[in-house]
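*Asks:* Okay, so here is structure20.cif, and as you'll see once you scroll down, it has mmCIF, C-alpha atoms and all ligand atoms.
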data_coords
loop_
_atom_site.group_PDB
_atom_site.id
_atom_site.type_symbol
_atom_site.label_atom_id
_atom_site.label_comp_id
_atom_site.auth_asym_id
_atom_site.auth_seq_id
_atom_site.Cartn_x
_atom_site.Cartn_y
_atom_site.Cartn_z
ATOM 1 C CA MET G 21 115.881 122.095 117.756
ATOM 2 C CA SER G 22 117.724 119.329 119.600
ATOM 3 C CA GLU G 23 114.376 118.010 120.800
ATOM 4 C CA LEU G 24 113.268 117.722 117.203
ATOM 5 C CA ASN G 25 116.523 115.951 116.406
ATOM 6 C CA ASP G 26 115.928 113.469 119.204
ATOM 7 C CA LEU G 27 112.415 112.815 117.958
ATOM 8 C CA TYR G 28 113.726 112.446 114.414
ATOM 9 C CA GLN G 29 116.352 109.904 115.520
ATOM 10 C CA GLU G 30 113.827 107.984 117.554
ATOM 11 C CA VAL G 31 111.236 107.810 114.790
ATOM 12 C CA ILE G 32 113.774 106.863 112.119
ATOM 13 C CA LEU G 33 115.227 104.092 114.274
ATOM 14 C CA ASP G 34 111.808 102.773 115.189
ATOM 15 C CA HIS G 35 110.493 102.656 111.608
ATOM 16 C CA ASN G 36 113.772 101.240 110.312
ATOM 17 C CA LYS G 37 113.734 98.421 112.835
ATOM 18 C CA ASN G 38 110.039 97.768 112.531
ATOM 19 C CA PRO G 39 108.808 99.114 109.177
ATOM 20 C CA ARG G 40 105.023 99.397 108.844
ATOM 21 C CA ASN G 41 103.257 97.858 105.845
ATOM 22 C CA PHE G 42 106.475 96.112 104.835
ATOM 23 C CA ARG G 43 104.960 93.399 102.651
ATOM 24 C CA GLU G 44 103.826 92.590 99.143
ATOM 25 C CA ILE G 45 100.262 93.062 98.032
ATOM 26 C CA ALA G 46 99.394 90.098 95.845
ATOM 27 C CA ASP G 47 97.549 91.287 92.722
ATOM 28 C CA ALA G 48 98.047 94.940 93.616
ATOM 29 C CA ASP G 49 96.252 97.345 91.277
ATOM 30 C CA LYS G 50 99.426 99.344 90.847
ATOM 31 C CA TRP G 51 103.050 99.085 91.766
ATOM 32 C CA ALA G 52 106.310 100.734 90.832
ATOM 33 C CA ASP G 53 110.013 100.326 91.520
ATOM 34 C CA GLY G 54 112.050 103.198 92.837
ATOM 35 C CA ASN G 55 115.829 103.390 92.747
ATOM 36 C CA ASN G 56 118.200 105.836 94.316
ATOM 37 C CA PRO G 57 121.573 104.781 92.869
ATOM 38 C CA LEU G 58 123.466 107.392 94.865
ATOM 39 C CA CYS G 59 122.707 105.569 98.084
ATOM 40 C CA GLY G 60 121.677 102.130 96.843
ATOM 41 C CA ASP G 61 118.059 102.372 97.988
ATOM 42 C CA ALA G 62 115.709 100.133 95.987
ATOM 43 C CA LEU G 63 112.042 100.001 96.914
ATOM 44 C CA ARG G 64 108.888 98.607 95.364
ATOM 45 C CA VAL G 65 105.640 100.323 96.332
ATOM 46 C CA TYR G 66 102.292 98.522 95.973
ATOM 47 C CA VAL G 67 98.947 100.316 95.818
ATOM 48 C CA ASP G 68 95.406 98.982 95.888
ATOM 49 C CA LEU G 69 92.759 101.480 94.880
ATOM 50 C CA GLU G 70 89.033 101.449 95.487
ATOM 51 C CA ASP G 71 86.949 104.203 93.929
ATOM 52 C CA ASP G 72 90.013 106.438 93.645
ATOM 53 C CA LYS G 73 90.860 105.875 97.302
ATOM 54 C CA VAL G 74 94.063 104.250 98.483
ATOM 55 C CA LYS G 75 92.584 101.159 100.083
ATOM 56 C CA ASP G 76 95.950 99.585 100.821
ATOM 57 C CA VAL G 77 99.563 100.561 100.279
ATOM 58 C CA SER G 78 102.768 98.729 101.153
ATOM 59 C CA PHE G 79 106.422 98.482 100.233
ATOM 60 C CA LYS G 80 109.278 96.015 99.960
ATOM 61 C CA GLY G 81 112.950 96.388 99.252
ATOM 62 C CA SER G 82 116.142 97.476 100.864
ATOM 63 C CA GLY G 83 117.721 100.765 101.628
ATOM 64 C CA CYS G 84 119.177 103.017 104.262
ATOM 65 C CA ALA G 85 117.364 103.852 107.491
ATOM 66 C CA ILE G 86 116.003 107.143 106.149
ATOM 67 C CA SER G 87 114.560 105.650 102.959
ATOM 68 C CA LYS G 88 112.922 102.809 104.863
ATOM 69 C CA ALA G 89 111.568 104.979 107.646
ATOM 70 C CA SER G 90 110.210 107.463 105.117
ATOM 71 C CA ALA G 91 108.531 104.669 103.114
ATOM 72 C CA SER G 92 107.078 103.208 106.293
ATOM 73 C CA MET G 93 105.558 106.543 107.336
ATOM 74 C CA MET G 94 104.406 107.257 103.788
ATOM 75 C CA THR G 95 102.322 104.062 103.767
ATOM 76 C CA GLN G 96 100.789 104.934 107.152
ATOM 77 C CA VAL G 97 99.842 108.434 106.120
ATOM 78 C CA VAL G 98 98.587 107.693 102.591
ATOM 79 C CA LYS G 99 96.397 104.731 103.474
ATOM 80 C CA GLY G 100 92.735 105.722 103.259
ATOM 81 C CA LYS G 101 93.480 108.960 101.391
ATOM 82 C CA SER G 102 92.123 109.771 97.945
ATOM 83 C CA LYS G 103 94.474 109.771 94.975
ATOM 84 C CA ASP G 104 94.329 113.575 94.906
ATOM 85 C CA GLU G 105 95.134 113.857 98.605
ATOM 86 C CA ALA G 106 98.077 111.465 98.160
ATOM 87 C CA GLU G 107 99.383 113.581 95.285
ATOM 88 C CA THR G 108 99.044 116.750 97.333
ATOM 89 C CA LEU G 109 101.020 115.139 100.163
ATOM 90 C CA PHE G 110 103.698 114.032 97.705
ATOM 91 C CA ASP G 111 103.982 117.575 96.418
ATOM 92 C CA GLU G 112 104.112 119.081 99.921
ATOM 93 C CA PHE G 113 106.641 116.532 101.169
ATOM 94 C CA HIS G 114 108.831 117.014 98.123
ATOM 95 C CA ARG G 115 108.805 120.797 98.454
ATOM 96 C CA MET G 116 109.466 120.566 102.202
ATOM 97 C CA VAL G 117 112.612 118.436 101.827
ATOM 98 C CA LEU G 118 113.814 120.615 98.947
ATOM 99 C CA GLY G 119 113.270 123.662 101.133
ATOM 100 C CA THR G 120 110.714 125.423 98.914
ATOM 101 C CA LEU G 121 107.861 124.897 101.359
ATOM 102 C CA ASP G 122 108.078 126.263 104.887
ATOM 103 C CA GLU G 123 106.143 123.631 106.794
ATOM 104 C CA GLU G 124 105.734 125.927 109.803
ATOM 105 C CA THR G 125 104.249 128.969 108.093
ATOM 106 C CA GLU G 126 102.609 127.668 104.919
ATOM 107 C CA GLU G 127 99.414 125.680 104.947
ATOM 108 C CA ASN G 128 99.982 121.959 104.520
ATOM 109 C CA SER G 129 98.723 118.604 105.705
ATOM 110 C CA LEU G 130 102.101 117.025 106.436
ATOM 111 C CA GLY G 131 101.477 116.423 110.153
ATOM 112 C CA LYS G 132 104.022 113.994 111.565
ATOM 113 C CA LEU G 133 105.879 113.891 108.241
ATOM 114 C CA LYS G 134 107.349 117.259 109.268
ATOM 115 C CA ILE G 135 110.100 115.442 111.160
ATOM 116 C CA PHE G 136 111.747 114.907 107.756
ATOM 117 C CA ALA G 137 112.163 118.662 107.220
ATOM 118 C CA GLY G 138 115.713 118.423 108.601
ATOM 119 C CA VAL G 139 116.975 116.378 105.655
ATOM 120 C CA ARG G 140 116.993 119.551 103.546
ATOM 121 C CA GLU G 141 120.311 120.320 105.257
ATOM 122 C CA PHE G 142 121.737 117.153 103.710
ATOM 123 C CA PRO G 143 121.208 117.171 99.914
ATOM 124 C CA ALA G 144 122.283 113.538 99.503
ATOM 125 C CA ARG G 145 119.618 112.495 102.017
ATOM 126 C CA VAL G 146 116.804 114.359 100.280
ATOM 127 C CA LYS G 147 116.651 111.594 97.661
ATOM 128 C CA CYS G 148 116.558 108.906 100.360
ATOM 129 C CA ALA G 149 113.643 110.601 102.114
ATOM 130 C CA SER G 150 111.667 111.305 98.946
ATOM 131 C CA LEU G 151 112.267 108.002 97.092
ATOM 132 C CA SER G 152 109.152 106.238 98.388
ATOM 133 C CA TRP G 153 107.045 109.291 97.539
ATOM 134 C CA HIS G 154 108.377 109.436 93.975
ATOM 135 C CA THR G 155 107.706 105.713 93.693
ATOM 136 C CA LEU G 156 104.153 106.075 95.009
ATOM 137 C CA ASN G 157 103.560 108.881 92.540
ATOM 138 C CA ALA G 158 104.896 106.719 89.691
ATOM 139 C CA ALA G 159 102.620 103.847 90.737
ATOM 140 C CA LEU G 160 99.573 106.129 90.861
ATOM 141 C CA HIS G 161 100.396 107.379 87.377
ATOM 142 C CA GLY G 162 100.939 103.910 85.986
ATOM 143 C CA ASP G 163 104.711 104.149 85.529
ATOM 144 C CA ASP G 164 106.666 100.998 86.309
ATOM 145 C CA SER G 165 109.800 102.565 87.636
ATOM 146 C CA VAL G 166 111.387 105.775 88.750
ATOM 147 C CA THR G 167 114.969 106.710 89.415
ATOM 148 C CA THR G 168 115.820 109.746 91.488
ATOM 149 C CA GLU G 169 118.848 111.641 90.241
HETATM 150 ZN ZN ZN S 1 119.404 106.186 101.238
#
Could you render the structure as structure tokens?
*Replies:*
Amino acid sequence: MSELNDLYQEVILDHNKNPRNFREIADADKWADGNNPLCGDALRVYVDLEDDKVKDVSFKGSGCAISKASASMMTQVVKGKSKDEAETLFDEFHRMVLGTLDEETEENSLGKLKIFAGVREFPARVKCASLSWHTLNAALHGDDSVTTE
């Protein structure tokens, strides 16, 4: 378990310092704002679709290390996926951090996103980790903003 914690720390620090796809997409097909007032995380997620596939996805904004690292990894994982696959991942990620999906025994396609499983021990952090996913989901459904409470 401590090995997983070390990996978690390392990945969070790396993505926080050097977030992937941290940029605007000019003329993005879809975008949405996500706010987590409890922590002060505020992200905007941009999505470009092509034939129902996520051709490009990015984010901007400010927030704590967990929200930024989670958004960074979300963009890496979702890029190139279909809208349906992205929604499935959102659902699996959400259930994992809430503790209703056991990522080790139940079938899922979370892969490296599993390092976020530990946040379920910290209810206040669940919203940080899932904010970018809620925001992506809002963008895909054409909502302009989402607030996690
Ligand atoms: Zn946060």
*Asks:* G:Ser150, G:Glu126, G:Phe142, G:Ser78: which is nearest G:Phe113, counting only C-alpha atoms?
*Replies:*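 Of the candidates, the smallest distance to G:Phe113 is held by G:Ser150.
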*Asks:* Go through G:Leu133, G:Ile86, G:Val74, G:Gln96 one by one, measure the shortest atom-to-atom distance of each to G:Asp49 using all atoms listed in the file, and give the residue with the smallest value.
*Replies:*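 Among the listed residues, the smallest separation from G:Asp49 belongs to G:Val74.
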*Asks:* Using all atoms listed in the file, which of G:Asp61, G:Asp111, G:Glu127, G:Asp122 sits nearest ligand ZN 1 (chain S)?
*Replies:*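 Nearest candidate to ligand ZN 1 (chain S) out of G:Asp61, G:Asp111, G:Glu127, G:Asp122: G:Asp61.
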*Asks:* Could you check which of G:Asn157, G:Asn55, G:Ser87, G:Asn128 is closest to G:Leu33, using all atoms listed in the file?
*Replies:* G:Ser87
*Asks:* At a cut-off of 10 Å around ligand ZN 1 (chain S), and using all atoms listed in the file, what residues come up? Please write them as a list in words.
*Replies:* Asn55, Asn56, Pro57, Leu58, Cys59, Gly60, Asp61, Ala62, Ser82, Gly83, Cys84, Ala85, Ile86, Ser87, Lys88, Ala144, Arg145, Val146, Lys147, Cys148, Ala149, Ser150 and Leu151 of chain G
*Asks:* Which residues come within 12 Å of stretch 25-28 of chain G, counting only C-alpha atoms, excluding same-chain residues fewer than 2 positions away, as number ranges by chain?
*Replies:* G: 21-23, 30-36, 85-86, 89-90, 132-139
*Asks:* Once the PyMOL selection byres (((chain G and resi 94) around 9) and not hetatm) has been applied to the shown file, what residues remain in the selection, as number ranges by chain?
*Replies:* G: 77, 89-93, 95-99, 133, 152-153, 156
*Asks:* Could you jot down the atom CA of G:Gly81 to atom CA of G:Thr167 separation for me, Å, one decimal place?
*Replies:*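 That distance, rounded to one decimal, is 14.4 Å.
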*Asks:* Using all atoms listed in the file, pick whichever of G:Ser129, G:Val67, G:His154, G:Asp76 has the shortest atom-to-atom distance to G:Val166.
*Replies:*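 Of all the options, G:His154 lies closest to G:Val166.
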*Asks:* How big is the axis-aligned box, and where does its centre sit, when it encloses all atoms of stretch 28-46 of chain G listed in the file and has 5 Å added on every side, reported in Å to one decimal as AutoDock Vina command-line options?
*Replies:*
--center_x 107.9 --center_y 101.3 --center_z 106.7 --size_x 27.0 --size_y 32.3 --size_z 31.7
*Asks:* If we count only C-alpha atoms, what is near G:Ala46 at a cut-off of 9 Å, once residues fewer than 2 positions away on the same chain are taken out, given as number ranges by chain?
*Replies:* G: 44, 48, 66
